[in-house]
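What follows is the content of my_file_11.txt (compact mmCIF, C-alpha atoms and all ligand atoms).
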# COMPACT_ATOMS: atom_id res chain seq x y z
CA MET A 30 0.00 0.00 0.00
CA THR A 31 1.40 3.42 -0.92
CA ALA A 32 1.08 6.69 0.98
CA GLN A 33 -1.41 8.16 -1.51
CA HIS A 34 -4.00 5.55 -0.58
CA PHE A 35 -4.23 6.74 3.00
CA PRO A 36 -7.01 9.11 4.04
CA PRO A 37 -6.10 12.59 5.28
CA ALA A 38 -5.29 13.07 8.96
CA LYS A 39 -8.38 13.54 11.12
CA ILE A 40 -6.55 15.69 13.64
CA PRO A 41 -3.92 18.39 12.99
CA PRO A 42 -0.53 16.84 12.21
CA SER A 43 1.28 20.02 13.26
CA ALA A 44 0.80 23.28 15.14
CA LEU A 45 -1.99 25.68 14.17
CA LEU A 46 -2.55 29.40 14.55
CA ASP A 47 -4.89 30.38 17.34
CA SER A 48 -5.63 33.35 19.55
CA SER A 49 -2.58 32.70 21.76
CA PHE A 50 -0.43 34.36 19.08
CA PHE A 51 -2.20 37.66 19.45
CA GLY A 52 -1.67 38.28 23.14
CA THR A 53 1.10 40.31 24.76
CA VAL A 54 4.55 38.94 24.07
CA GLU A 55 6.38 38.25 27.29
CA LYS A 56 10.01 37.42 27.76
CA THR A 57 10.29 33.66 27.66
CA ALA A 58 11.81 31.64 30.46
CA ILE A 59 12.45 28.46 28.51
CA PRO A 60 15.92 28.25 26.90
CA SER A 61 15.72 28.07 23.13
CA ILE A 62 17.70 28.36 19.93
CA LEU A 63 16.55 32.00 19.88
CA ASP A 64 19.04 32.61 22.73
CA VAL A 65 22.05 31.98 20.47
CA LYS A 66 24.03 35.22 19.98
CA ASN A 67 23.95 35.53 16.17
CA SER A 68 21.10 34.35 13.95
CA ILE A 69 19.76 34.66 10.48
CA PHE A 70 16.27 33.61 9.46
CA THR A 71 15.92 31.31 6.46
CA THR A 72 13.14 29.35 4.76
CA SER A 73 14.16 25.91 6.13
CA GLY A 74 16.55 23.87 8.23
CA ARG A 75 18.19 22.35 5.17
CA ALA A 76 18.85 25.79 3.64
CA SER A 77 20.46 26.71 6.98
CA ILE A 78 22.76 23.65 6.84
CA ALA A 79 23.70 24.60 3.28
CA LEU A 80 24.47 28.17 4.38
CA ALA A 81 26.60 26.91 7.28
CA LEU A 82 28.62 24.74 4.89
CA ALA A 83 29.02 27.66 2.48
CA ASP A 84 30.02 30.03 5.31
CA ALA A 85 32.61 27.49 6.46
CA GLN A 86 33.87 27.31 2.84
CA ILE A 87 33.43 23.57 2.59
CA THR A 88 34.86 22.23 -0.68
CA PRO A 89 34.65 18.90 -2.59
CA GLN A 90 37.91 17.81 -0.90
CA ASP A 91 36.31 18.02 2.52
CA GLU A 92 34.59 15.21 4.41
CA ILE A 93 31.39 15.73 6.35
CA LEU A 94 30.31 13.36 9.12
CA ILE A 95 26.53 12.85 9.13
CA PRO A 96 24.53 10.50 11.39
CA ALA A 97 23.42 7.25 9.76
CA TYR A 98 19.95 7.92 11.22
CA HIS A 99 18.93 10.83 9.02
CA CYS A 100 16.56 12.18 6.43
CA GLU A 101 17.57 13.29 2.95
CA ALA A 102 17.21 16.96 3.94
CA MET A 103 20.31 16.55 6.16
CA VAL A 104 22.38 14.99 3.40
CA ALA A 105 21.32 17.18 0.45
CA PRO A 106 23.32 20.26 1.60
CA ALA A 107 26.55 18.21 1.70
CA LYS A 108 25.79 16.91 -1.80
CA TRP A 109 25.22 20.50 -2.90
CA ARG A 110 28.78 21.31 -1.73
CA GLN A 111 29.93 18.11 -3.52
CA SER A 112 31.74 17.05 -0.37
CA LYS A 113 32.44 13.48 0.68
CA ILE A 114 29.74 12.22 3.02
CA VAL A 115 30.75 9.80 5.78
CA PHE A 116 28.04 8.30 7.94
CA TYR A 117 28.60 7.56 11.63
CA ARG A 118 26.67 5.27 13.97
CA ILE A 119 24.11 6.16 16.56
CA LYS A 120 23.36 4.01 19.60
CA SER A 121 19.98 2.55 20.52
CA ASP A 122 19.26 5.56 22.76
CA THR A 123 19.85 7.77 19.64
CA LYS A 124 23.05 9.17 21.15
CA VAL A 125 26.15 9.63 19.00
CA ASP A 126 28.46 6.58 18.98
CA LEU A 127 31.63 8.47 19.81
CA LYS A 128 33.92 5.49 19.29
CA ASP A 129 32.60 5.11 15.76
CA VAL A 130 33.00 8.84 15.12
CA GLU A 131 36.66 8.61 16.21
CA THR A 132 37.33 5.83 13.72
CA LYS A 133 35.73 7.88 10.92
CA ILE A 134 37.81 11.03 11.41
CA THR A 135 40.52 11.59 8.79
CA SER A 136 42.74 14.54 7.96
CA ASN A 137 40.02 15.67 5.51
CA THR A 138 37.19 15.74 8.05
CA ARG A 139 35.97 19.33 8.31
CA VAL A 140 32.43 19.09 9.69
CA ILE A 141 30.31 16.91 11.93
CA ILE A 142 26.54 17.28 12.09
CA VAL A 143 24.98 16.17 15.37
CA THR A 144 21.20 15.89 15.75
CA HIS A 145 19.13 16.27 18.92
CA TYR A 146 16.61 13.64 17.87
CA PHE A 147 12.92 14.29 18.48
CA GLY A 148 13.80 17.20 20.79
CA PHE A 149 15.92 15.08 23.21
CA GLU A 150 19.32 16.62 23.72
CA GLN A 151 22.66 15.01 22.92
CA ASP A 152 25.50 15.51 25.39
CA LEU A 153 27.69 17.68 23.19
CA GLN A 154 30.67 18.14 25.50
CA PRO A 155 32.64 15.01 24.48
CA ILE A 156 31.88 15.69 20.81
CA LYS A 157 32.95 19.31 21.12
CA LYS A 158 36.20 18.15 22.73
CA LEU A 159 36.85 15.83 19.80
CA CYS A 160 36.07 18.65 17.36
CA ILE A 161 38.55 20.98 19.05
CA GLU A 162 41.28 18.28 19.03
CA HIS A 163 40.80 17.65 15.30
CA ASN A 164 39.87 21.16 14.18
CA ILE A 165 36.40 20.04 13.06
CA ILE A 166 33.39 22.35 12.75
CA LEU A 167 30.40 21.22 14.82
CA ILE A 168 26.95 21.83 13.34
CA GLU A 169 24.32 21.36 16.00
CA ASP A 170 21.19 20.15 14.24
CA CYS A 171 18.33 21.54 16.31
CA ALA A 172 15.67 20.85 13.66
CA HIS A 173 13.83 18.68 16.21
CA ALA A 174 14.86 20.75 19.23
CA MET A 175 13.87 24.39 19.21
CA PHE A 176 13.99 24.47 23.00
CA GLY A 177 16.08 22.96 25.74
CA LEU A 178 19.49 22.68 27.31
CA SER A 179 22.45 20.66 26.18
CA SER A 180 25.06 20.05 28.89
CA GLY A 181 23.55 22.93 30.87
CA GLN A 182 23.80 25.41 27.95
CA PRO A 183 20.86 26.64 25.84
CA ILE A 184 20.35 24.42 22.85
CA GLY A 185 22.28 25.63 19.82
CA THR A 186 25.03 27.46 21.73
CA THR A 187 27.65 24.67 21.81
CA GLY A 188 28.00 24.09 18.07
CA ASP A 189 30.01 26.38 15.82
CA TYR A 190 26.75 26.61 13.94
CA ALA A 191 23.24 25.55 14.92
CA ILE A 192 20.32 25.10 12.61
CA GLY A 193 16.62 25.19 13.43
CA SER A 194 13.45 24.24 11.57
CA CYS A 195 10.88 26.63 13.03
CA MET A 196 8.01 25.08 11.04
CA LYS A 197 8.26 21.95 13.19
CA PHE A 198 7.23 23.93 16.27
CA LEU A 199 5.23 26.89 15.01
CA PRO A 200 2.20 27.27 12.74
CA ILE A 201 4.11 28.55 9.72
CA TYR A 202 4.46 27.42 6.14
CA GLU A 203 8.21 27.94 6.00
CA GLY A 204 10.99 28.99 8.33
CA GLY A 205 14.43 27.97 9.48
CA MET A 206 17.31 29.48 11.43
CA LEU A 207 21.07 29.51 11.19
CA CYS A 208 22.72 30.54 14.43
CA SER A 209 26.20 30.78 15.85
CA SER A 210 27.66 31.84 19.15
CA ASN A 211 31.18 32.22 17.76
CA ARG A 212 30.68 33.43 14.14
CA ASN A 213 28.92 36.64 13.22
CA LEU A 214 27.25 35.29 10.03
CA LYS A 215 27.45 38.83 8.61
CA SER A 216 28.89 37.79 5.26
CA ILE A 217 25.80 35.67 4.48
CA GLU A 218 23.50 37.74 2.33
CA LEU A 219 19.90 36.63 2.04
CA THR A 220 17.38 38.10 -0.37
CA LYS A 221 13.74 38.66 0.49
CA PRO A 222 11.49 36.22 -1.33
CA SER A 223 8.88 37.67 -3.70
CA LEU A 224 5.56 39.13 -2.62
CA ARG A 225 3.83 36.12 -4.14
CA PHE A 226 5.75 33.94 -1.72
CA GLN A 227 5.04 36.28 1.19
CA ALA A 228 1.35 35.97 0.35
CA LYS A 229 1.52 32.19 0.02
CA SER A 230 3.30 31.83 3.33
CA THR A 231 0.64 33.91 5.09
CA VAL A 232 -2.40 32.41 3.43
CA ASN A 233 -1.15 28.84 3.83
CA ALA A 234 -0.69 29.21 7.61
CA LEU A 235 -4.14 30.74 7.95
CA GLU A 236 -5.82 28.18 5.74
CA THR A 237 -4.28 25.23 7.57
CA SER A 238 -5.69 26.57 10.81
CA LEU A 239 -9.10 27.31 9.30
CA LYS A 240 -9.23 23.75 7.96
CA PHE A 241 -9.22 22.49 11.53
CA HIS A 242 -11.70 25.21 12.63
CA ARG A 243 -9.23 26.94 14.88
CA LEU A 244 -9.99 30.52 13.93
CA GLY A 245 -13.74 30.42 13.37
CA SER A 246 -15.09 31.90 16.56
CA PHE A 247 -12.70 34.80 16.98
CA GLY A 248 -14.28 37.93 15.49
CA ARG A 249 -11.21 39.96 16.27
CA LEU A 250 -9.07 37.47 14.46
CA ILE A 251 -11.32 37.22 11.47
CA ASN A 252 -11.11 40.97 11.00
CA PHE A 253 -7.39 40.74 11.28
CA LEU A 254 -7.27 37.96 8.71
CA LEU A 255 -9.46 39.79 6.27
CA LYS A 256 -7.34 42.90 6.61
CA ILE A 257 -4.20 40.92 5.84
CA LYS A 258 -5.86 39.28 2.87
CA ASP A 259 -7.14 42.59 1.47
CA THR A 260 -3.81 44.34 1.93
CA LEU A 261 -1.88 41.53 0.31
CA TRP A 262 -4.32 41.27 -2.55
CA GLN A 263 -4.23 45.01 -3.24
CA THR A 264 -0.43 45.01 -3.16
CA ILE A 265 -0.22 42.05 -5.49
CA LYS A 266 -2.64 43.69 -7.93
CA ARG A 267 -0.73 47.00 -7.77
CA THR A 268 2.67 45.45 -8.40
CA GLY A 269 1.44 43.06 -11.11
CA ILE A 270 3.93 40.55 -9.93
CA SER A 271 5.10 37.95 -12.33
CA SER A 272 8.20 35.96 -11.69
CA ASN A 273 9.87 32.69 -12.52
CA GLU A 274 10.56 31.97 -8.88
CA SER A 275 8.81 28.80 -7.71
CA LEU A 276 6.06 29.73 -5.29
CA GLY A 277 7.61 28.00 -2.30
CA PRO A 278 10.49 25.68 -1.39
CA SER A 279 9.70 21.97 -1.60
CA SER A 280 10.76 21.73 2.08
CA SER A 281 7.42 23.38 2.92
CA ASP A 282 5.40 20.84 0.99
CA GLY A 283 6.88 17.67 2.46
CA GLY A 284 9.76 17.33 -0.05
CA PHE A 285 13.08 15.86 1.09
CA GLY A 286 15.48 17.57 -1.32
CA LEU A 287 17.22 20.93 -1.30
CA ASP A 288 15.92 23.61 -3.68
CA GLU A 289 19.04 25.54 -4.58
CA ALA A 290 16.97 28.59 -5.54
CA TRP A 291 15.79 28.83 -1.92
CA ILE A 292 19.10 28.60 -0.08
CA TYR A 293 19.87 32.32 -0.04
CA LYS A 294 16.29 33.44 0.69
CA SER A 295 15.09 34.81 3.98
CA MET A 296 12.05 33.79 5.97
CA SER A 297 8.76 35.50 5.05
CA TYR A 298 7.61 38.48 7.12
CA PHE A 299 4.62 36.49 8.33
CA SER A 300 6.69 33.56 9.63
CA TYR A 301 9.06 36.00 11.30
CA TRP A 302 6.16 37.81 12.97
CA ILE A 303 4.82 34.48 14.27
CA LEU A 304 8.26 33.52 15.52
CA ARG A 305 8.50 36.78 17.45
CA HIS A 306 4.95 36.61 18.84
CA ALA A 307 4.77 32.92 19.71
CA PRO A 308 3.95 32.22 23.38
CA MET A 309 7.02 30.01 23.75
CA ASP A 310 6.58 29.04 27.40
CA GLU A 311 2.98 28.00 26.79
CA ILE A 312 3.97 26.05 23.67
CA ALA A 313 6.71 24.25 25.59
CA GLU A 314 4.40 23.38 28.48
CA LYS A 315 1.62 22.06 26.26
CA ARG A 316 4.02 19.91 24.25
CA ARG A 317 5.47 18.47 27.45
CA ASN A 318 2.00 17.80 28.90
CA ASN A 319 0.84 16.10 25.72
CA TYR A 320 4.01 14.02 25.66
CA GLN A 321 3.38 12.85 29.21
CA ALA A 322 -0.28 12.05 28.47
CA ILE A 323 0.73 9.92 25.48
CA GLN A 324 3.45 8.23 27.53
CA THR A 325 0.97 7.27 30.25
CA ALA A 326 -1.53 5.97 27.70
CA LEU A 327 0.99 3.83 25.83
CA ALA A 328 2.90 2.58 28.90
CA ASP A 329 1.45 -0.94 29.08
CA LEU A 330 0.37 -1.42 25.50
CA PRO A 331 1.54 -4.54 23.67
CA ASN A 332 3.49 -4.31 20.39
CA CYS A 333 5.14 -0.98 21.14
CA ARG A 334 7.56 0.64 23.56
CA VAL A 335 8.23 4.29 24.30
CA LEU A 336 11.64 5.34 22.93
CA PHE A 337 12.46 7.84 25.69
CA GLU A 338 11.27 6.80 29.17
CA ASN A 339 12.16 10.14 30.76
CA LEU A 340 11.28 13.65 29.73
CA PRO A 341 14.14 15.75 31.17
CA GLU A 342 13.18 19.07 32.78
CA HIS A 343 13.96 21.40 29.87
CA THR A 344 13.22 19.04 27.00
CA VAL A 345 10.45 20.09 24.64
CA PRO A 346 9.61 17.23 22.31
CA TRP A 347 9.02 17.70 18.60
CA VAL A 348 6.90 14.52 18.43
CA PHE A 349 6.27 11.36 20.45
CA PRO A 350 8.54 8.56 19.12
CA VAL A 351 7.57 4.93 19.76
CA TYR A 352 9.31 1.66 18.86
CA VAL A 353 6.73 -0.55 17.16
CA LYS A 354 6.93 -4.30 16.59
CA HIS A 355 5.58 -5.43 13.20
CA PRO A 356 5.71 -1.99 11.55
CA GLU A 357 4.49 -3.39 8.24
CA LYS A 358 1.24 -4.36 9.98
CA TYR A 359 0.67 -1.34 12.21
CA PHE A 360 1.80 1.58 10.04
CA PRO A 361 -1.00 1.19 7.46
CA LEU A 362 -3.58 0.38 10.15
CA LEU A 363 -2.82 3.66 11.94
CA LYS A 364 -2.74 5.65 8.71
CA MET A 365 -6.07 4.21 7.55
CA GLN A 366 -7.67 5.51 10.76
CA GLY A 367 -6.56 9.05 9.89
CA ILE A 368 -3.92 9.20 12.62
CA PRO A 369 -1.06 11.53 11.68
CA VAL A 370 1.77 9.03 12.10
CA TRP A 371 5.05 9.15 10.20
CA ARG A 372 8.68 8.04 10.32
CA PHE A 373 11.44 10.65 10.34
CA ALA A 374 14.20 8.52 8.76
CA GLU A 375 11.97 6.32 6.61
CA PHE A 376 14.19 6.68 3.54
CA LEU A 377 17.84 6.27 4.44
CA ASP A 378 20.72 6.89 2.07
CA PRO A 379 21.57 3.62 0.21
CA ALA A 380 25.04 3.76 1.82
CA ILE A 381 23.49 2.77 5.16
CA THR A 382 24.07 -0.97 5.45
CA PRO A 383 23.89 -3.04 8.67
CA GLU A 384 27.69 -2.72 8.90
CA VAL A 385 27.43 1.07 8.84
CA CYS A 386 24.63 1.23 11.43
CA ALA A 387 22.17 -1.57 12.19
CA VAL A 388 20.28 0.64 14.67
CA SER A 389 19.52 3.23 11.99
CA ILE A 390 18.14 0.59 9.65
CA GLU A 391 16.00 -0.87 12.41
CA TYR A 392 14.76 2.55 13.60
CA SER A 393 13.96 3.78 10.11
CA LYS A 394 11.25 1.11 10.00
CA HIS A 395 10.29 0.65 13.65
CA ILE A 396 10.24 4.17 15.10
CA PHE A 397 6.82 5.73 14.56
CA GLN A 398 6.11 9.26 15.62
CA PHE A 399 2.82 10.70 16.81
CA PRO A 400 2.03 14.39 17.19
CA CYS A 401 2.29 15.98 20.65
CA HIS A 402 2.17 19.61 19.49
CA GLN A 403 0.59 22.48 21.37
CA SER A 404 -2.52 22.72 19.16
CA LEU A 405 -3.91 19.28 19.96
CA GLN A 406 -7.15 19.72 21.85
CA PRO A 407 -8.02 17.30 24.67
CA ASP A 408 -10.72 15.54 22.59
CA GLU A 409 -8.30 15.14 19.68
CA LEU A 410 -5.64 13.67 21.93
CA ASP A 411 -8.17 11.31 23.53
CA TRP A 412 -9.40 10.22 20.12
CA MET A 413 -5.86 9.51 18.92
CA LEU A 414 -4.93 7.59 22.07
CA ASN A 415 -8.07 5.46 21.94
CA GLU A 416 -7.42 4.60 18.30
CA ILE A 417 -3.79 3.75 19.01
CA LYS A 418 -4.77 1.53 21.95
CA HIS A 419 -7.35 -0.24 19.87
CA ILE A 420 -4.93 -0.83 16.98
CA PHE A 421 -1.95 -2.00 19.04
CA THR A 422 -4.08 -4.58 20.86
CA LYS A 423 -5.17 -6.14 17.55
C1 LIG B 1 17.01 16.12 11.88
C2 LIG B 1 16.67 17.05 10.77
N1 LIG B 1 17.56 17.98 10.40
C3 LIG B 1 17.30 18.86 9.42
C4 LIG B 1 16.11 18.85 8.74
C5 LIG B 1 15.83 19.87 7.70
O1 LIG B 1 14.82 20.74 8.15
P1 LIG B 1 13.81 21.42 7.13
O2 LIG B 1 12.71 20.46 6.84
O3 LIG B 1 13.34 22.64 7.86
O4 LIG B 1 14.58 21.75 5.92
C6 LIG B 1 15.15 17.89 9.08
C7 LIG B 1 13.88 17.84 8.33
O5 LIG B 1 12.98 17.12 8.62
C8 LIG B 1 15.43 16.97 10.11
O6 LIG B 1 14.53 16.04 10.48
For this file, write the structure as structure tokens.
Ligand SMILES: Cc1ncc(COP(=O)(O)O)c(C=O)c1O
Amino acid sequence: MTAQHFPPAKIPPSALLDSSFFGTVEKTAIPSILDVKNSIFTTSGRASIALALADAQITPQDEILIPAYHCEAMVAPAKWRQSKIVFYRIKSDTKVDLKDVETKITSNTRVIIVTHYFGFEQDLQPIKKLCIEHNIILIEDCAHAMFGLSSGQPIGTTGDYAIGSCMKFLPIYEGGMLCSSNRNLKSIELTKPSLRFQAKSTVNALETSLKFHRLGSFGRLINFLLKIKDTLWQTIKRTGISSNESLGPSSSDGGFGLDEAWIYKSMSYFSYWILRHAPMDEIAEKRRNNYQAIQTALADLPNCRVLFENLPEHTVPWVFPVYVKHPEKYFPLLKMQGIPVWRFAEFLDPAITPEVCAVSIEYSKHIFQFPCHQSLQPDELDWMLNEIKHIFTK
């Protein structure tokens, strides 16, 4: 059975816009990638990795260490630089296998990408030490971890570069970040995407929320939305925009590759506004609460086991990952019920053999992820948990 035969998700797969974005913005207490000293705002996480590699002047002679447990979006930027890609192992707790990394380092190794999987932090100190010893650039991949601490430091501050994928945490169509605490990033010049794209980014975020009836009852909001729509429409008519630029990067429509035309583009005004007005503490708390509710519900279920038993104090999960026995049976059953379930590393690079990393191969099939985002309403969460319970006891 192929993906296109599955019905659409019955509950929102990702965060939606609601009235919480229109309140007063308070200083947030939760550590996040926004705390890193220097940042630029891009259209995606993969564009940010590409920009980091370009800023570090990575050439085809250079080797880049990438985790064997990955998605294509993490590999595509290295291919864009035509560098040699070397995959390293992860352990069954998704932590970096440092011994394997050591054996993979050569005199050509210039970069290592380390991922905080599903929002759960890696201990970066030993890796950083290794990087300093071998003069290797550390890219902290915070695509799954917008919030949190790593070895007591805000997420994103330990790496020479850190990248974020804001669309995984916020109700936006596109948005990524490239940050650095030790490089000023000033030589990276981004151009503003076209007005057509600005309009698409805005309308898409609003439409997604309207689809799940999140904005319907807010008169104030509706006025606001109509004003935005009218203003954008008038501007578009006035400027008579026509351009060859594709309307949006494929990263925003579920694509895995890297659109070169979108690497040097900045985030839309709308996404940036949302990023600046998001109630981060509330988002973090809701995600943590939903995570814990799912954990309790799945604790004694047969045919699955929770990947991370503990939710550390500052961890804010991207999704809820579960190890599932018989994935070929349960994945389609869940999908057919309209549950938004997916697998982050479903399609690994063909270079990943059991010798390279058996855990990655196993996890690419067996780790399912369920949403735990802030926009899930209690009845939606209950519905999903009941369906999951029913299916896993079959
Ligand atoms: C671990 C990881 N890093 C980087 C990326 C790239 O992020 P984006 O989709 O914003 O390009 C992804 C995308 O899913 C990812 O899962």
Checklist entry - What's the 8 Å shell around range 138-148 of chain A, counting all atoms listed in the file, without same-chain residues fewer than 5 positions away, as JSON, numbers by chain? => result {"A": [87, 91, 92, 93, 94, 95, 96, 123, 125, 164, 165, 166, 167, 168, 169, 170, 171, 172, 173, 174, 175, 176, 177, 344, 345, 346, 347, 348, 349, 350]}
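Straight-line separation from CA of Thr57 in chain A to CA of Ala234 in chain A: 23.3 Å.
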Item to check | Residues near Lys215 in chain A, cut-off 12 Å, all atoms listed in the file, skip fewer than 4 positions along chain, as a ChimeraX atom specification | outcome: /A:67-69,80,84,207-209,211,219
Checklist entry - Smallest atom-to-atom distance to ligand LIG 1 (chain B): which of A:Val104, A:Ile396, A:Leu336, A:Val351, using all atoms listed in the file? => result A:Val104
Checklist entry - Using all atoms listed in the file, which of the listed residues (A:Met196, A:Leu235, A:Ile292, A:Ile114) sits closest to ligand LIG 1 (chain B)? => result A:Met196
Ligand LIG 1 (chain B) neighbours within 9 Å using all atoms listed in the file, as an mmCIF file with C-alpha atoms, keeping the file's coordinate frame:
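Writing the result to pocket_29.cif gives the following:
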data_model
loop_
_atom_site.group_PDB
_atom_site.id
_atom_site.type_symbol
_atom_site.label_atom_id
_atom_site.label_comp_id
_atom_site.auth_asym_id
_atom_site.auth_seq_id
_atom_site.Cartn_x
_atom_site.Cartn_y
_atom_site.Cartn_z
ATOM 1 C CA THR A 72 13.140 29.350 4.760
ATOM 2 C CA SER A 73 14.160 25.910 6.130
ATOM 3 C CA GLY A 74 16.550 23.870 8.230
ATOM 4 C CA ARG A 75 18.190 22.350 5.170
ATOM 5 C CA ALA A 76 18.850 25.790 3.640
ATOM 6 C CA SER A 77 20.460 26.710 6.980
ATOM 7 C CA ILE A 78 22.760 23.650 6.840
ATOM 8 C CA TYR A 98 19.950 7.920 11.220
ATOM 9 C CA HIS A 99 18.930 10.830 9.020
ATOM 10 C CA CYS A 100 16.560 12.180 6.430
ATOM 11 C CA GLU A 101 17.570 13.290 2.950
ATOM 12 C CA ALA A 102 17.210 16.960 3.940
ATOM 13 C CA MET A 103 20.310 16.550 6.160
ATOM 14 C CA VAL A 104 22.380 14.990 3.400
ATOM 15 C CA VAL A 143 24.980 16.170 15.370
ATOM 16 C CA THR A 144 21.200 15.890 15.750
ATOM 17 C CA HIS A 145 19.130 16.270 18.920
ATOM 18 C CA TYR A 146 16.610 13.640 17.870
ATOM 19 C CA PHE A 147 12.920 14.290 18.480
ATOM 20 C CA ASP A 170 21.190 20.150 14.240
ATOM 21 C CA CYS A 171 18.330 21.540 16.310
ATOM 22 C CA ALA A 172 15.670 20.850 13.660
ATOM 23 C CA HIS A 173 13.830 18.680 16.210
ATOM 24 C CA ALA A 174 14.860 20.750 19.230
ATOM 25 C CA ILE A 192 20.320 25.100 12.610
ATOM 26 C CA GLY A 193 16.620 25.190 13.430
ATOM 27 C CA SER A 194 13.450 24.240 11.570
ATOM 28 C CA CYS A 195 10.880 26.630 13.030
ATOM 29 C CA MET A 196 8.010 25.080 11.040
ATOM 30 C CA LYS A 197 8.260 21.950 13.190
ATOM 31 C CA GLU A 203 8.210 27.940 6.000
ATOM 32 C CA GLY A 204 10.990 28.990 8.330
ATOM 33 C CA GLY A 205 14.430 27.970 9.480
ATOM 34 C CA MET A 206 17.310 29.480 11.430
ATOM 35 C CA SER A 279 9.700 21.970 -1.600
ATOM 36 C CA SER A 280 10.760 21.730 2.080
ATOM 37 C CA SER A 281 7.420 23.380 2.920
ATOM 38 C CA GLY A 283 6.880 17.670 2.460
ATOM 39 C CA GLY A 284 9.760 17.330 -0.050
ATOM 40 C CA PHE A 285 13.080 15.860 1.090
ATOM 41 C CA GLY A 286 15.480 17.570 -1.320
ATOM 42 C CA LEU A 287 17.220 20.930 -1.300
ATOM 43 C CA PHE A 373 11.440 10.650 10.340
ATOM 44 C CA ALA A 374 14.200 8.520 8.760
#
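Shortest atom-to-atom contact with Pro36 in chain A among A:Met365, A:Glu416, A:Pro400, A:Trp109: A:Met365, counting all atoms listed in the file.
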Just the residues within 10 Å of Pro42 in chain A, please, counting all atoms listed in the file, with nothing from its chain fewer than 5 positions along; format it as a PDB file with C-alpha atoms, keeping the file's coordinate frame.
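File produced: selection22.pdb:
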ATOM      1  CA  PRO A  37      -6.100  12.590   5.280  1.00  0.00           C
ATOM      2  CA  VAL A 348       6.900  14.520  18.430  1.00  0.00           C
ATOM      3  CA  ILE A 368      -3.920   9.200  12.620  1.00  0.00           C
ATOM      4  CA  PRO A 369      -1.060  11.530  11.680  1.00  0.00           C
ATOM      5  CA  VAL A 370       1.770   9.030  12.100  1.00  0.00           C
ATOM      6  CA  TRP A 371       5.050   9.150  10.200  1.00  0.00           C
ATOM      7  CA  PHE A 399       2.820  10.700  16.810  1.00  0.00           C
ATOM      8  CA  PRO A 400       2.030  14.390  17.190  1.00  0.00           C
ATOM      9  CA  CYS A 401       2.290  15.980  20.650  1.00  0.00           C
ATOM     10  CA  HIS A 402       2.170  19.610  19.490  1.00  0.00           C
ATOM     11  CA  SER A 404      -2.520  22.720  19.160  1.00  0.00           C
ATOM     12  CA  LEU A 405      -3.910  19.280  19.960  1.00  0.00           C
TER      13      LEU A 405
END
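Coordinates place CA of Gln263 in chain A at a distance of 21.7 Å from CA of Tyr301 in chain A.
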Item to check | Shell of 9 Å around range 131-134 of chain A, all atoms listed in the file, local chain residues under 5 positions omitted, as number ranges by chain | outcome: A: 92, 94, 115-117, 126, 159, 163
Those residues you just picked out, can you put them in a file as a PDB file, in the coordinates of the input with C-alpha atoms?
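Result file follows (selection.pdb):
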ATOM      1  CA  GLU A  92      34.590  15.210   4.410  1.00  0.00           C
ATOM      2  CA  LEU A  94      30.310  13.360   9.120  1.00  0.00           C
ATOM      3  CA  VAL A 115      30.750   9.800   5.780  1.00  0.00           C
ATOM      4  CA  PHE A 116      28.040   8.300   7.940  1.00  0.00           C
ATOM      5  CA  TYR A 117      28.600   7.560  11.630  1.00  0.00           C
ATOM      6  CA  ASP A 126      28.460   6.580  18.980  1.00  0.00           C
ATOM      7  CA  LEU A 159      36.850  15.830  19.800  1.00  0.00           C
ATOM      8  CA  HIS A 163      40.800  17.650  15.300  1.00  0.00           C
TER       9      HIS A 163
END
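Each of A:Pro200, A:Tyr293, A:Phe397, A:Ala228 was compared to Pro361 in chain A using only C-alpha atoms, and A:Phe397 turns out to be the nearest.
Closest approach to Asp64 in chain A among A:Pro341, A:Pro383, A:Pro331, A:Pro183 is made by A:Pro183 (distances from all atoms listed in the file).
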Checklist outcome for this item: Separating CA of Leu410 in chain A from CA of Asn319 in chain A, to the nearest tenth of an Å, is a gap of 7.9 Å
So that all listed atoms of range 342-357 of chain A fit with 3 Å spare on each side, what axis-aligned box centre and edge lengths in Å, to one decimal, would you give as AutoDock Vina command-line options?
--center_x 9.2 --center_y 8.0 --center_z 20.5 --size_x 15.5 --size_y 32.8 --size_z 30.5
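Minimum distance to Gly277 in chain A across A:Ala313, A:Ile40, A:Leu224, A:Ile417 (counting all atoms listed in the file) occurs at A:Leu224.
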Env of Ser295 in chain A: 7 Å cut, atoms = all atoms listed in the file, seq-sep filter 6 positions within chain, self excluded. Answer as a PDB file with C-alpha atoms, in the frame of the given file.
ATOM      1  CA  PHE A  70      16.270  33.610   9.460  1.00  0.00           C
ATOM      2  CA  THR A  71      15.920  31.310   6.460  1.00  0.00           C
ATOM      3  CA  THR A  72      13.140  29.350   4.760  1.00  0.00           C
ATOM      4  CA  LEU A 219      19.900  36.630   2.040  1.00  0.00           C
ATOM      5  CA  THR A 220      17.380  38.100  -0.370  1.00  0.00           C
ATOM      6  CA  LYS A 221      13.740  38.660   0.490  1.00  0.00           C
ATOM      7  CA  PRO A 222      11.490  36.220  -1.330  1.00  0.00           C
TER       8      PRO A 222
END
